[in-house]
file protein_27.txt (compact mmCIF, C-alpha atoms)
# COMPACT_ATOMS: atom_id res chain seq x y z
CA MET A 21 19.38 -14.27 -3.62
CA LYS A 22 16.26 -12.86 -1.97
CA LEU A 23 16.97 -11.52 1.52
CA VAL A 24 14.59 -10.16 4.17
CA ILE A 25 16.21 -8.11 6.94
CA LYS A 26 14.26 -7.30 10.07
CA ILE A 27 15.63 -4.31 11.97
CA GLY A 28 14.61 -4.12 15.62
CA THR A 29 14.12 -1.03 17.74
CA SER A 30 17.27 -1.79 19.74
CA THR A 31 19.31 -1.65 16.51
CA LEU A 32 17.74 1.57 15.25
CA ALA A 33 17.61 3.66 18.39
CA HIS A 34 19.40 4.48 21.61
CA ALA A 35 17.79 3.45 24.89
CA GLY A 36 15.84 6.74 25.07
CA GLY A 37 14.31 6.22 21.62
CA ARG A 38 16.45 8.72 19.73
CA LEU A 39 17.93 7.54 16.43
CA ASN A 40 21.31 5.79 16.60
CA ILE A 41 22.66 7.77 13.67
CA ARG A 42 26.03 6.05 13.26
CA ARG A 43 24.56 2.54 13.27
CA VAL A 44 21.65 3.33 10.93
CA GLU A 45 23.97 5.06 8.46
CA GLU A 46 26.27 2.02 8.45
CA LEU A 47 23.32 -0.34 8.09
CA CYS A 48 21.92 1.50 5.07
CA LYS A 49 25.39 1.60 3.52
CA VAL A 50 25.84 -2.18 3.88
CA ILE A 51 22.35 -2.97 2.58
CA SER A 52 22.96 -0.69 -0.40
CA ASP A 53 26.20 -2.52 -1.13
CA LEU A 54 24.45 -5.88 -0.95
CA LYS A 55 21.88 -4.60 -3.42
CA ASN A 56 24.67 -3.41 -5.70
CA ALA A 57 25.99 -6.99 -5.62
CA GLY A 58 22.66 -8.25 -7.00
CA ILE A 59 20.86 -9.30 -3.83
CA LYS A 60 17.16 -8.43 -3.64
CA VAL A 61 16.53 -6.92 -0.21
CA ILE A 62 13.32 -6.34 1.73
CA VAL A 63 13.50 -4.45 5.03
CA VAL A 64 11.02 -5.08 7.84
CA SER A 65 11.57 -2.23 10.25
CA SER A 66 10.45 -1.75 13.81
CA GLY A 67 11.08 1.53 15.56
CA ALA A 68 8.10 3.75 14.80
CA ILE A 69 6.74 3.73 18.35
CA GLY A 70 10.22 3.83 19.88
CA MET A 71 11.34 6.76 17.74
CA GLY A 72 8.03 8.50 18.35
CA CYS A 73 8.60 8.13 22.09
CA GLY A 74 12.00 9.76 21.67
CA LYS A 75 10.66 12.63 19.61
CA LEU A 76 7.81 13.18 22.05
CA SER A 77 10.23 12.94 25.01
CA LEU A 78 8.33 10.01 26.53
CA GLN A 79 10.48 8.14 29.04
CA LYS A 80 9.07 4.69 28.29
CA ARG A 81 6.84 2.87 25.85
CA PRO A 82 3.26 4.03 26.58
CA ASP A 83 0.73 1.61 28.03
CA ASP A 84 -2.44 3.07 26.53
CA MET A 85 -3.44 2.46 22.92
CA ALA A 86 -4.05 6.12 21.97
CA THR A 87 -0.55 7.20 23.02
CA LYS A 88 1.03 4.17 21.31
CA GLN A 89 -0.71 5.10 18.09
CA ALA A 90 0.21 8.78 18.44
CA ALA A 91 3.87 7.84 19.01
CA ALA A 92 3.74 5.52 15.99
CA ALA A 93 2.33 8.28 13.78
CA VAL A 94 5.13 10.66 14.79
CA GLY A 95 7.88 8.04 14.66
CA GLN A 96 6.90 6.52 11.30
CA CYS A 97 7.47 9.88 9.61
CA GLU A 98 10.98 10.15 11.00
CA LEU A 99 11.72 6.50 10.28
CA MET A 100 10.85 6.71 6.58
CA TYR A 101 12.50 10.12 6.18
CA THR A 102 15.70 8.58 7.53
CA TYR A 103 15.59 5.53 5.26
CA ASP A 104 14.72 7.62 2.18
CA LYS A 105 17.54 10.08 2.86
CA LEU A 106 20.23 7.47 3.59
CA PHE A 107 19.37 5.01 0.80
CA SER A 108 19.09 7.88 -1.70
CA GLU A 109 22.73 8.72 -0.99
CA TYR A 110 23.60 5.35 -2.56
CA ASN A 111 21.13 5.77 -5.45
CA HIS A 112 18.52 3.36 -4.11
CA THR A 113 14.78 4.00 -3.94
CA VAL A 114 12.65 2.92 -0.99
CA ALA A 115 8.92 2.28 -0.74
CA GLN A 116 6.82 2.21 2.41
CA ILE A 117 4.30 -0.58 3.03
CA LEU A 118 2.18 -0.50 6.18
CA ILE A 119 -0.04 -3.49 6.89
CA THR A 120 -2.26 -4.84 9.64
CA ALA A 121 -3.20 -8.33 10.78
CA SER A 122 -6.49 -8.09 8.87
CA ASP A 123 -4.56 -7.43 5.64
CA VAL A 124 -2.72 -10.72 6.08
CA LYS A 125 -5.88 -12.65 6.95
CA HIS A 126 -7.98 -11.22 4.09
CA GLU A 127 -7.28 -13.29 0.95
CA ASP A 128 -7.62 -10.51 -1.64
CA ARG A 129 -5.68 -7.91 0.38
CA TYR A 130 -2.96 -10.43 1.16
CA SER A 131 -2.68 -11.27 -2.55
CA ASN A 132 -2.42 -7.56 -3.39
CA PHE A 133 0.30 -7.18 -0.77
CA ILE A 134 2.36 -10.01 -2.28
CA ASN A 135 1.86 -8.72 -5.84
CA THR A 136 2.94 -5.21 -4.86
CA LEU A 137 5.95 -6.52 -2.98
CA ASN A 138 7.14 -8.64 -5.91
CA ARG A 139 6.60 -5.78 -8.36
CA LEU A 140 8.67 -3.42 -6.19
CA LEU A 141 11.50 -5.96 -6.24
CA GLU A 142 11.24 -6.18 -10.04
CA LEU A 143 11.53 -2.38 -10.15
CA ASP A 144 14.72 -2.61 -8.04
CA VAL A 145 13.11 -0.82 -5.08
CA ILE A 146 13.81 -1.54 -1.41
CA PRO A 147 10.44 -2.17 0.28
CA VAL A 148 10.36 -1.02 3.91
CA ILE A 149 7.54 -2.80 5.74
CA ASN A 150 6.07 -2.10 9.15
CA GLU A 151 2.87 -2.84 11.02
CA ASN A 152 0.37 -0.01 10.57
CA ASP A 153 0.56 0.81 14.27
CA THR A 154 -1.54 3.96 13.96
CA ILE A 155 -4.68 1.95 13.19
CA ALA A 156 -3.93 -1.59 14.38
CA THR A 157 -5.69 -2.28 17.66
CA GLU A 158 -5.20 -6.03 18.01
CA GLU A 159 -2.61 -5.51 20.76
CA ILE A 160 -1.12 -3.12 18.15
CA VAL A 161 0.97 -5.90 16.63
CA ILE A 162 0.54 -8.85 14.24
CA GLY A 163 2.48 -10.80 16.85
CA ASP A 164 5.23 -8.23 16.51
CA ASN A 165 7.67 -7.51 13.70
CA ASP A 166 9.55 -10.79 14.13
CA THR A 167 6.34 -12.54 13.13
CA LEU A 168 5.71 -9.97 10.39
CA ALA A 169 9.22 -10.62 9.02
CA GLY A 170 8.48 -14.35 8.98
CA ILE A 171 5.24 -13.73 7.06
CA VAL A 172 7.09 -11.55 4.54
CA ALA A 173 9.90 -14.09 4.07
CA VAL A 174 7.43 -16.90 3.44
CA SER A 175 5.25 -14.73 1.18
CA VAL A 176 8.09 -13.82 -1.21
CA LYS A 177 9.81 -17.22 -0.89
CA ALA A 178 12.96 -15.59 0.47
CA ASP A 179 16.18 -17.57 0.63
CA LEU A 180 16.97 -16.09 4.01
CA LEU A 181 15.49 -13.98 6.79
CA VAL A 182 17.93 -12.14 9.05
CA LEU A 183 16.69 -10.79 12.37
CA LEU A 184 18.90 -8.00 13.72
CA SER A 185 18.72 -8.00 17.51
CA ASP A 186 20.61 -6.78 20.59
CA ILE A 187 22.00 -10.27 21.18
CA ASP A 188 24.44 -12.44 19.19
CA GLY A 189 21.92 -15.22 18.64
CA LEU A 190 20.10 -17.96 20.51
CA TYR A 191 21.82 -19.07 23.71
CA SER A 192 21.38 -22.20 25.79
CA ALA A 193 20.12 -19.89 28.58
CA ASP A 194 19.68 -16.15 29.13
CA PRO A 195 23.27 -14.81 28.85
CA HIS A 196 22.30 -11.76 30.93
CA LYS A 197 21.51 -14.04 33.86
CA ASP A 198 23.64 -17.15 33.30
CA SER A 199 27.40 -16.73 32.79
CA HIS A 200 27.61 -20.31 31.52
CA ALA A 201 25.17 -19.75 28.66
CA THR A 202 26.60 -20.76 25.28
CA LEU A 203 25.69 -19.60 21.78
CA ILE A 204 23.80 -22.16 19.69
CA THR A 205 25.18 -21.68 16.18
CA GLU A 206 22.95 -24.09 14.23
CA VAL A 207 19.37 -25.24 14.66
CA HIS A 208 17.89 -27.96 12.46
CA ASP A 209 14.91 -28.85 14.64
CA LEU A 210 12.92 -26.72 17.08
CA ASP A 211 12.80 -29.32 19.84
CA GLU A 212 11.92 -28.76 23.50
CA HIS A 213 15.55 -27.99 24.39
CA ILE A 214 15.63 -25.13 21.88
CA LEU A 215 12.19 -23.81 22.81
CA SER A 216 13.10 -23.75 26.51
CA ALA A 217 15.91 -21.28 25.75
CA ALA A 218 13.39 -18.56 24.80
CA GLY A 219 13.08 -15.64 27.22
CA GLY A 220 11.03 -12.43 27.43
CA SER A 221 11.18 -9.05 25.69
CA GLY A 222 14.56 -7.32 25.48
CA SER A 223 14.50 -3.56 24.85
CA PRO A 224 12.01 -1.59 26.98
CA LEU A 225 10.97 0.31 23.84
CA GLY A 226 10.50 -2.83 21.74
CA THR A 227 7.99 -5.67 21.84
CA GLY A 228 9.96 -8.68 20.69
CA GLY A 229 11.85 -11.38 22.53
CA MET A 230 13.42 -14.74 21.76
CA LYS A 231 10.02 -16.46 21.86
CA THR A 232 8.74 -14.42 18.90
CA LYS A 233 12.01 -15.02 17.03
CA LEU A 234 11.60 -18.78 17.43
CA SER A 235 8.02 -18.45 16.18
CA ALA A 236 9.36 -16.71 13.06
CA ALA A 237 12.01 -19.41 12.72
CA LYS A 238 9.37 -22.14 12.81
CA MET A 239 7.40 -20.36 10.09
CA CYS A 240 10.48 -20.04 7.88
CA MET A 241 11.82 -23.55 8.45
CA GLU A 242 8.49 -25.12 7.55
CA ASN A 243 8.22 -23.07 4.34
CA GLY A 244 11.67 -23.40 2.80
CA SER A 245 13.52 -20.33 4.12
CA ASP A 246 16.56 -20.25 6.38
CA MET A 247 16.68 -17.72 9.22
CA ILE A 248 19.54 -16.11 11.15
CA ILE A 249 19.53 -14.18 14.41
CA MET A 250 22.52 -11.82 14.61
CA ASN A 251 23.62 -8.82 16.62
CA GLY A 252 22.57 -5.59 14.91
CA ASN A 253 25.38 -3.67 16.62
CA ASP A 254 27.71 -4.72 13.76
CA PRO A 255 25.99 -4.29 10.36
CA ASP A 256 29.17 -5.51 8.60
CA LEU A 257 28.21 -9.04 9.68
CA LEU A 258 25.68 -8.94 6.85
CA TYR A 259 28.62 -9.18 4.44
CA ALA A 260 29.76 -12.38 6.14
CA ILE A 261 26.24 -13.79 5.87
CA ALA A 262 26.09 -12.94 2.16
CA ASP A 263 29.41 -14.77 1.74
CA GLY A 264 27.98 -17.87 3.43
CA LYS A 265 30.03 -17.56 6.60
CA PRO A 266 28.59 -18.62 9.98
CA VAL A 267 27.13 -15.71 11.94
CA GLY A 268 24.92 -15.80 15.02
CA THR A 269 22.36 -18.61 15.07
CA ARG A 270 21.20 -20.12 11.78
CA PHE A 271 17.92 -22.00 11.55
CA PHE A 272 17.93 -24.35 8.59
CA ALA A 273 14.85 -24.92 6.43
CA LYS A 274 13.52 -28.46 6.49
CA LYS A 275 14.40 -30.46 3.41
CA ALA A 276 11.48 -31.37 1.19
call {"tool": "encode", "arguments": {"input": "protein_27.txt", "output": "structure tokens"}}
result
Amino acid sequence: MKLVIKIGTSTLAHAGGRLNIRRVEELCKVISDLKNAGIKVIVVSSGAIGMGCGKLSLQKRPDDMATKQAAAAVGQCELMYTYDKLFSEYNHTVAQILITASDVKHEDRYSNFINTLNRLLELDVIPVINENDTIATEEIVIGDNDTLAGIVAVSVKADLLVLLSDIDGLYSADPHKDSHATLITEVHDLDEHILSAAGGSGSPLGTGGMKTKLSAAKMCMENGSDMIIMNGNDPDLLYAIADGKPVGTRFFAKKA
């Protein structure tokens, strides 16, 4: 099984941007265990800007490009140091890949990216991928890391993409505003009813929202990969997913 896991800022960090140590330690432990069971895992990780904001004692995500890029440069160091340290405790090696939108659009660079990614998997390495926020200026994001995770899943022909979020899955309406909102457990077609359930960005330090997650789902479904949105507060749910149990909202790839 080839699994791509996208870790959002809200999963990695507390509201102020500082690392959520207990959750990240548990997450790395579970991912290491899944790898020990023979699953090939790729991590797409947000959090560089958010963690940089925390380390620089910024109260909110900056609005200007220069400060965003400075925060990303600071935060990316801490992010990779944390992953390297925690995965090494379980005898797993990580590799950092930073890409920009132009890398994806340029045929030769995109091909090199895919070749490197597949070779890292052959070498039993955990690739950790993020947007190169320190030099990307196209609104600093490919679309954001939900979209990046979709691109990665499609590129490596992953069986499944799992998006870790601060919500249990896709709801019929915004559960923060509508007490009658219900969790949609399965999606086989992204019709107007499903698309209308998308809201705005969640965490003030992140960039994603349900709309970008549905965009990633569309990409996966049309290219043969399933996708799941689950709550990142409980990393143990990844075990249930690996065992084929229903978790969060599952988007099913269209049959050929």
call {"tool": "residues_around", "arguments": {"input": "protein_27.txt", "residues": "stretch 130-137 of chain A", "least_positions_apart": "2", "cutoff": "12 Å", "atoms": "only C-alpha atoms", "output": "number ranges by chain"}}
result
A: 24, 60-63, 114-128, 139-149, 171-178
call {"tool": "closest_residue", "arguments": {"input": "protein_27.txt", "among": "A:Arg42, A:Lys75, A:His213, A:His196", "to": "A:Leu99", "atoms": "all atoms listed in the file"}}
result
A:Lys75
call {"tool": "residues_around", "arguments": {"input": "protein_27.txt", "residues": "stretch 108-111 of chain A", "least_positions_apart": "5", "cutoff": "9 Å", "atoms": "all atoms listed in the file", "output": "ChimeraX atom specification"}}
result
/A:48-49,52-53,103
call {"tool": "axis_aligned_box", "arguments": {"input": "protein_27.txt", "around": "stretch 114-129 of chain A", "padding_each_side": "3 Å", "output": "JSON"}}
result
{"center_x": 2.3, "center_y": -5.2, "center_z": 4.6, "size_x": 26.6, "size_y": 22.2, "size_z": 18.4}
call {"tool": "closest_residue", "arguments": {"input": "protein_27.txt", "among": "A:Val267, A:Ile51, A:Leu168, A:Ala273", "to": "A:Ala236", "atoms": "only C-alpha atoms"}}
result
A:Leu168
call {"tool": "atom_distance", "arguments": {"input": "protein_27.txt", "atom1": "atom CA of A:Met241", "atom2": "atom CA of A:Arg43"}}
result
29.4 Å
call {"tool": "closest_residue", "arguments": {"input": "protein_27.txt", "among": "A:Pro255, A:Gly170, A:Gly189, A:Gly70", "to": "A:Ala33", "atoms": "all atoms listed in the file"}}
result
A:Gly70
call {"tool": "residues_around", "arguments": {"input": "protein_27.txt", "residues": "A:Asp186", "least_positions_apart": "2", "cutoff": "8 Å", "atoms": "only C-alpha atoms", "output": "list in words"}}
result
Ser30, Thr31, Leu184, Asp188, Gly222, Asn251, Gly252 and Asn253 of chain A
call {"tool": "decode", "arguments": {"input": "protein_27.txt", "residues": "stretch 183-221 of chain A", "atoms": "N, CA and C atoms", "output": "PDB file, in the first residue's frame"}}
result
ATOM      1  N   LEU A 183      -5.913  13.349   4.610  1.00  0.00           N
ATOM      2  CA  LEU A 183      -5.724  14.724   5.043  1.00  0.00           C
ATOM      3  C   LEU A 183      -6.056  14.823   6.526  1.00  0.00           C
ATOM      4  N   LEU A 184      -5.064  15.141   7.345  1.00  0.00           N
ATOM      5  CA  LEU A 184      -5.295  15.339   8.772  1.00  0.00           C
ATOM      6  C   LEU A 184      -5.723  16.785   8.985  1.00  0.00           C
ATOM      7  N   SER A 185      -6.857  16.966   9.639  1.00  0.00           N
ATOM      8  CA  SER A 185      -7.415  18.304   9.800  1.00  0.00           C
ATOM      9  C   SER A 185      -7.847  18.513  11.241  1.00  0.00           C
ATOM     10  N   ASP A 186      -8.500  19.653  11.513  1.00  0.00           N
ATOM     11  CA  ASP A 186      -9.015  19.924  12.856  1.00  0.00           C
ATOM     12  C   ASP A 186     -10.506  19.632  12.932  1.00  0.00           C
ATOM     13  N   ILE A 187     -10.995  18.839  11.972  1.00  0.00           N
ATOM     14  CA  ILE A 187     -12.406  18.494  11.914  1.00  0.00           C
ATOM     15  C   ILE A 187     -12.512  17.012  11.556  1.00  0.00           C
ATOM     16  N   ASP A 188     -13.606  16.359  11.930  1.00  0.00           N
ATOM     17  CA  ASP A 188     -13.737  14.913  11.752  1.00  0.00           C
ATOM     18  C   ASP A 188     -13.899  14.494  10.296  1.00  0.00           C
ATOM     19  N   GLY A 189     -14.291  15.418   9.437  1.00  0.00           N
ATOM     20  CA  GLY A 189     -14.508  15.089   8.037  1.00  0.00           C
ATOM     21  C   GLY A 189     -15.363  16.158   7.392  1.00  0.00           C
ATOM     22  N   LEU A 190     -16.010  15.795   6.290  1.00  0.00           N
ATOM     23  CA  LEU A 190     -16.906  16.717   5.598  1.00  0.00           C
ATOM     24  C   LEU A 190     -18.304  16.615   6.201  1.00  0.00           C
ATOM     25  N   TYR A 191     -18.857  17.753   6.576  1.00  0.00           N
ATOM     26  CA  TYR A 191     -20.200  17.800   7.146  1.00  0.00           C
ATOM     27  C   TYR A 191     -21.186  18.385   6.146  1.00  0.00           C
ATOM     28  N   SER A 192     -22.455  18.148   6.397  1.00  0.00           N
ATOM     29  CA  SER A 192     -23.516  18.667   5.538  1.00  0.00           C
ATOM     30  C   SER A 192     -23.588  20.190   5.604  1.00  0.00           C
ATOM     31  N   ALA A 193     -23.068  20.765   6.698  1.00  0.00           N
ATOM     32  CA  ALA A 193     -22.979  22.212   6.887  1.00  0.00           C
ATOM     33  C   ALA A 193     -21.845  22.463   7.872  1.00  0.00           C
ATOM     34  N   ASP A 194     -21.486  23.713   8.094  1.00  0.00           N
ATOM     35  CA  ASP A 194     -20.418  24.039   9.030  1.00  0.00           C
ATOM     36  C   ASP A 194     -20.834  23.655  10.449  1.00  0.00           C
ATOM     37  N   PRO A 195     -20.195  22.627  11.050  1.00  0.00           N
ATOM     38  CA  PRO A 195     -20.616  22.173  12.381  1.00  0.00           C
ATOM     39  C   PRO A 195     -20.365  23.202  13.473  1.00  0.00           C
ATOM     40  N   HIS A 196     -19.491  24.197  13.194  1.00  0.00           N
ATOM     41  CA  HIS A 196     -19.244  25.245  14.179  1.00  0.00           C
ATOM     42  C   HIS A 196     -20.397  26.244  14.233  1.00  0.00           C
ATOM     43  N   LYS A 197     -21.194  26.251  13.179  1.00  0.00           N
ATOM     44  CA  LYS A 197     -22.295  27.214  13.095  1.00  0.00           C
ATOM     45  C   LYS A 197     -23.670  26.559  13.097  1.00  0.00           C
ATOM     46  N   ASP A 198     -23.735  25.300  12.700  1.00  0.00           N
ATOM     47  CA  ASP A 198     -25.022  24.605  12.571  1.00  0.00           C
ATOM     48  C   ASP A 198     -25.008  23.336  13.423  1.00  0.00           C
ATOM     49  N   SER A 199     -25.785  23.324  14.486  1.00  0.00           N
ATOM     50  CA  SER A 199     -25.819  22.178  15.404  1.00  0.00           C
ATOM     51  C   SER A 199     -26.451  20.938  14.768  1.00  0.00           C
ATOM     52  N   HIS A 200     -27.126  21.125  13.657  1.00  0.00           N
ATOM     53  CA  HIS A 200     -27.767  19.995  12.977  1.00  0.00           C
ATOM     54  C   HIS A 200     -26.894  19.399  11.872  1.00  0.00           C
ATOM     55  N   ALA A 201     -25.698  19.930  11.714  1.00  0.00           N
ATOM     56  CA  ALA A 201     -24.796  19.412  10.678  1.00  0.00           C
ATOM     57  C   ALA A 201     -24.432  17.956  10.956  1.00  0.00           C
ATOM     58  N   THR A 202     -24.416  17.136   9.922  1.00  0.00           N
ATOM     59  CA  THR A 202     -24.106  15.715  10.071  1.00  0.00           C
ATOM     60  C   THR A 202     -22.874  15.351   9.239  1.00  0.00           C
ATOM     61  N   LEU A 203     -22.107  14.388   9.739  1.00  0.00           N
ATOM     62  CA  LEU A 203     -20.898  13.945   9.050  1.00  0.00           C
ATOM     63  C   LEU A 203     -21.276  13.119   7.825  1.00  0.00           C
ATOM     64  N   ILE A 204     -20.678  13.442   6.698  1.00  0.00           N
ATOM     65  CA  ILE A 204     -20.857  12.668   5.469  1.00  0.00           C
ATOM     66  C   ILE A 204     -19.720  11.651   5.423  1.00  0.00           C
ATOM     67  N   THR A 205     -20.037  10.384   5.551  1.00  0.00           N
ATOM     68  CA  THR A 205     -18.987   9.359   5.696  1.00  0.00           C
ATOM     69  C   THR A 205     -18.429   8.866   4.363  1.00  0.00           C
ATOM     70  N   GLU A 206     -19.236   8.907   3.302  1.00  0.00           N
ATOM     71  CA  GLU A 206     -18.781   8.427   2.001  1.00  0.00           C
ATOM     72  C   GLU A 206     -19.180   9.400   0.906  1.00  0.00           C
ATOM     73  N   VAL A 207     -18.254   9.631  -0.014  1.00  0.00           N
ATOM     74  CA  VAL A 207     -18.537  10.468  -1.181  1.00  0.00           C
ATOM     75  C   VAL A 207     -18.081   9.716  -2.429  1.00  0.00           C
ATOM     76  N   HIS A 208     -19.018   9.492  -3.340  1.00  0.00           N
ATOM     77  CA  HIS A 208     -18.699   8.813  -4.600  1.00  0.00           C
ATOM     78  C   HIS A 208     -18.759   9.766  -5.787  1.00  0.00           C
ATOM     79  N   ASP A 209     -19.370  10.925  -5.580  1.00  0.00           N
ATOM     80  CA  ASP A 209     -19.493  11.903  -6.652  1.00  0.00           C
ATOM     81  C   ASP A 209     -19.507  13.306  -6.049  1.00  0.00           C
ATOM     82  N   LEU A 210     -18.671  14.183  -6.566  1.00  0.00           N
ATOM     83  CA  LEU A 210     -18.627  15.553  -6.050  1.00  0.00           C
ATOM     84  C   LEU A 210     -19.714  16.383  -6.732  1.00  0.00           C
ATOM     85  N   ASP A 211     -20.947  16.176  -6.305  1.00  0.00           N
ATOM     86  CA  ASP A 211     -22.060  16.914  -6.894  1.00  0.00           C
ATOM     87  C   ASP A 211     -22.235  18.258  -6.192  1.00  0.00           C
ATOM     88  N   GLU A 212     -23.230  19.027  -6.616  1.00  0.00           N
ATOM     89  CA  GLU A 212     -23.442  20.366  -6.079  1.00  0.00           C
ATOM     90  C   GLU A 212     -23.743  20.344  -4.581  1.00  0.00           C
ATOM     91  N   HIS A 213     -24.422  19.298  -4.123  1.00  0.00           N
ATOM     92  CA  HIS A 213     -24.746  19.183  -2.694  1.00  0.00           C
ATOM     93  C   HIS A 213     -23.465  19.081  -1.862  1.00  0.00           C
ATOM     94  N   ILE A 214     -22.512  18.288  -2.346  1.00  0.00           N
ATOM     95  CA  ILE A 214     -21.243  18.118  -1.641  1.00  0.00           C
ATOM     96  C   ILE A 214     -20.431  19.408  -1.701  1.00  0.00           C
ATOM     97  N   LEU A 215     -20.347  19.995  -2.877  1.00  0.00           N
ATOM     98  CA  LEU A 215     -19.545  21.210  -3.051  1.00  0.00           C
ATOM     99  C   LEU A 215     -20.079  22.370  -2.217  1.00  0.00           C
ATOM    100  N   SER A 216     -21.384  22.412  -1.997  1.00  0.00           N
ATOM    101  CA  SER A 216     -21.980  23.504  -1.224  1.00  0.00           C
ATOM    102  C   SER A 216     -21.638  23.417   0.255  1.00  0.00           C
ATOM    103  N   ALA A 217     -21.145  22.247   0.698  1.00  0.00           N
ATOM    104  CA  ALA A 217     -20.790  22.070   2.107  1.00  0.00           C
ATOM    105  C   ALA A 217     -19.428  22.677   2.443  1.00  0.00           C
ATOM    106  N   ALA A 218     -18.667  23.090   1.424  1.00  0.00           N
ATOM    107  CA  ALA A 218     -17.329  23.642   1.653  1.00  0.00           C
ATOM    108  C   ALA A 218     -17.421  25.016   2.292  1.00  0.00           C
ATOM    109  N   GLY A 219     -16.529  25.253   3.286  1.00  0.00           N
ATOM    110  CA  GLY A 219     -16.493  26.556   3.960  1.00  0.00           C
ATOM    111  C   GLY A 219     -15.185  27.254   3.714  1.00  0.00           C
ATOM    112  N   GLY A 220     -14.765  28.109   4.640  1.00  0.00           N
ATOM    113  CA  GLY A 220     -13.525  28.878   4.495  1.00  0.00           C
ATOM    114  C   GLY A 220     -12.374  28.228   5.233  1.00  0.00           C
ATOM    115  N   SER A 221     -11.306  29.006   5.463  1.00  0.00           N
ATOM    116  CA  SER A 221     -10.115  28.519   6.154  1.00  0.00           C
ATOM    117  C   SER A 221     -10.412  28.281   7.626  1.00  0.00           C
TER     118      SER A 221
END
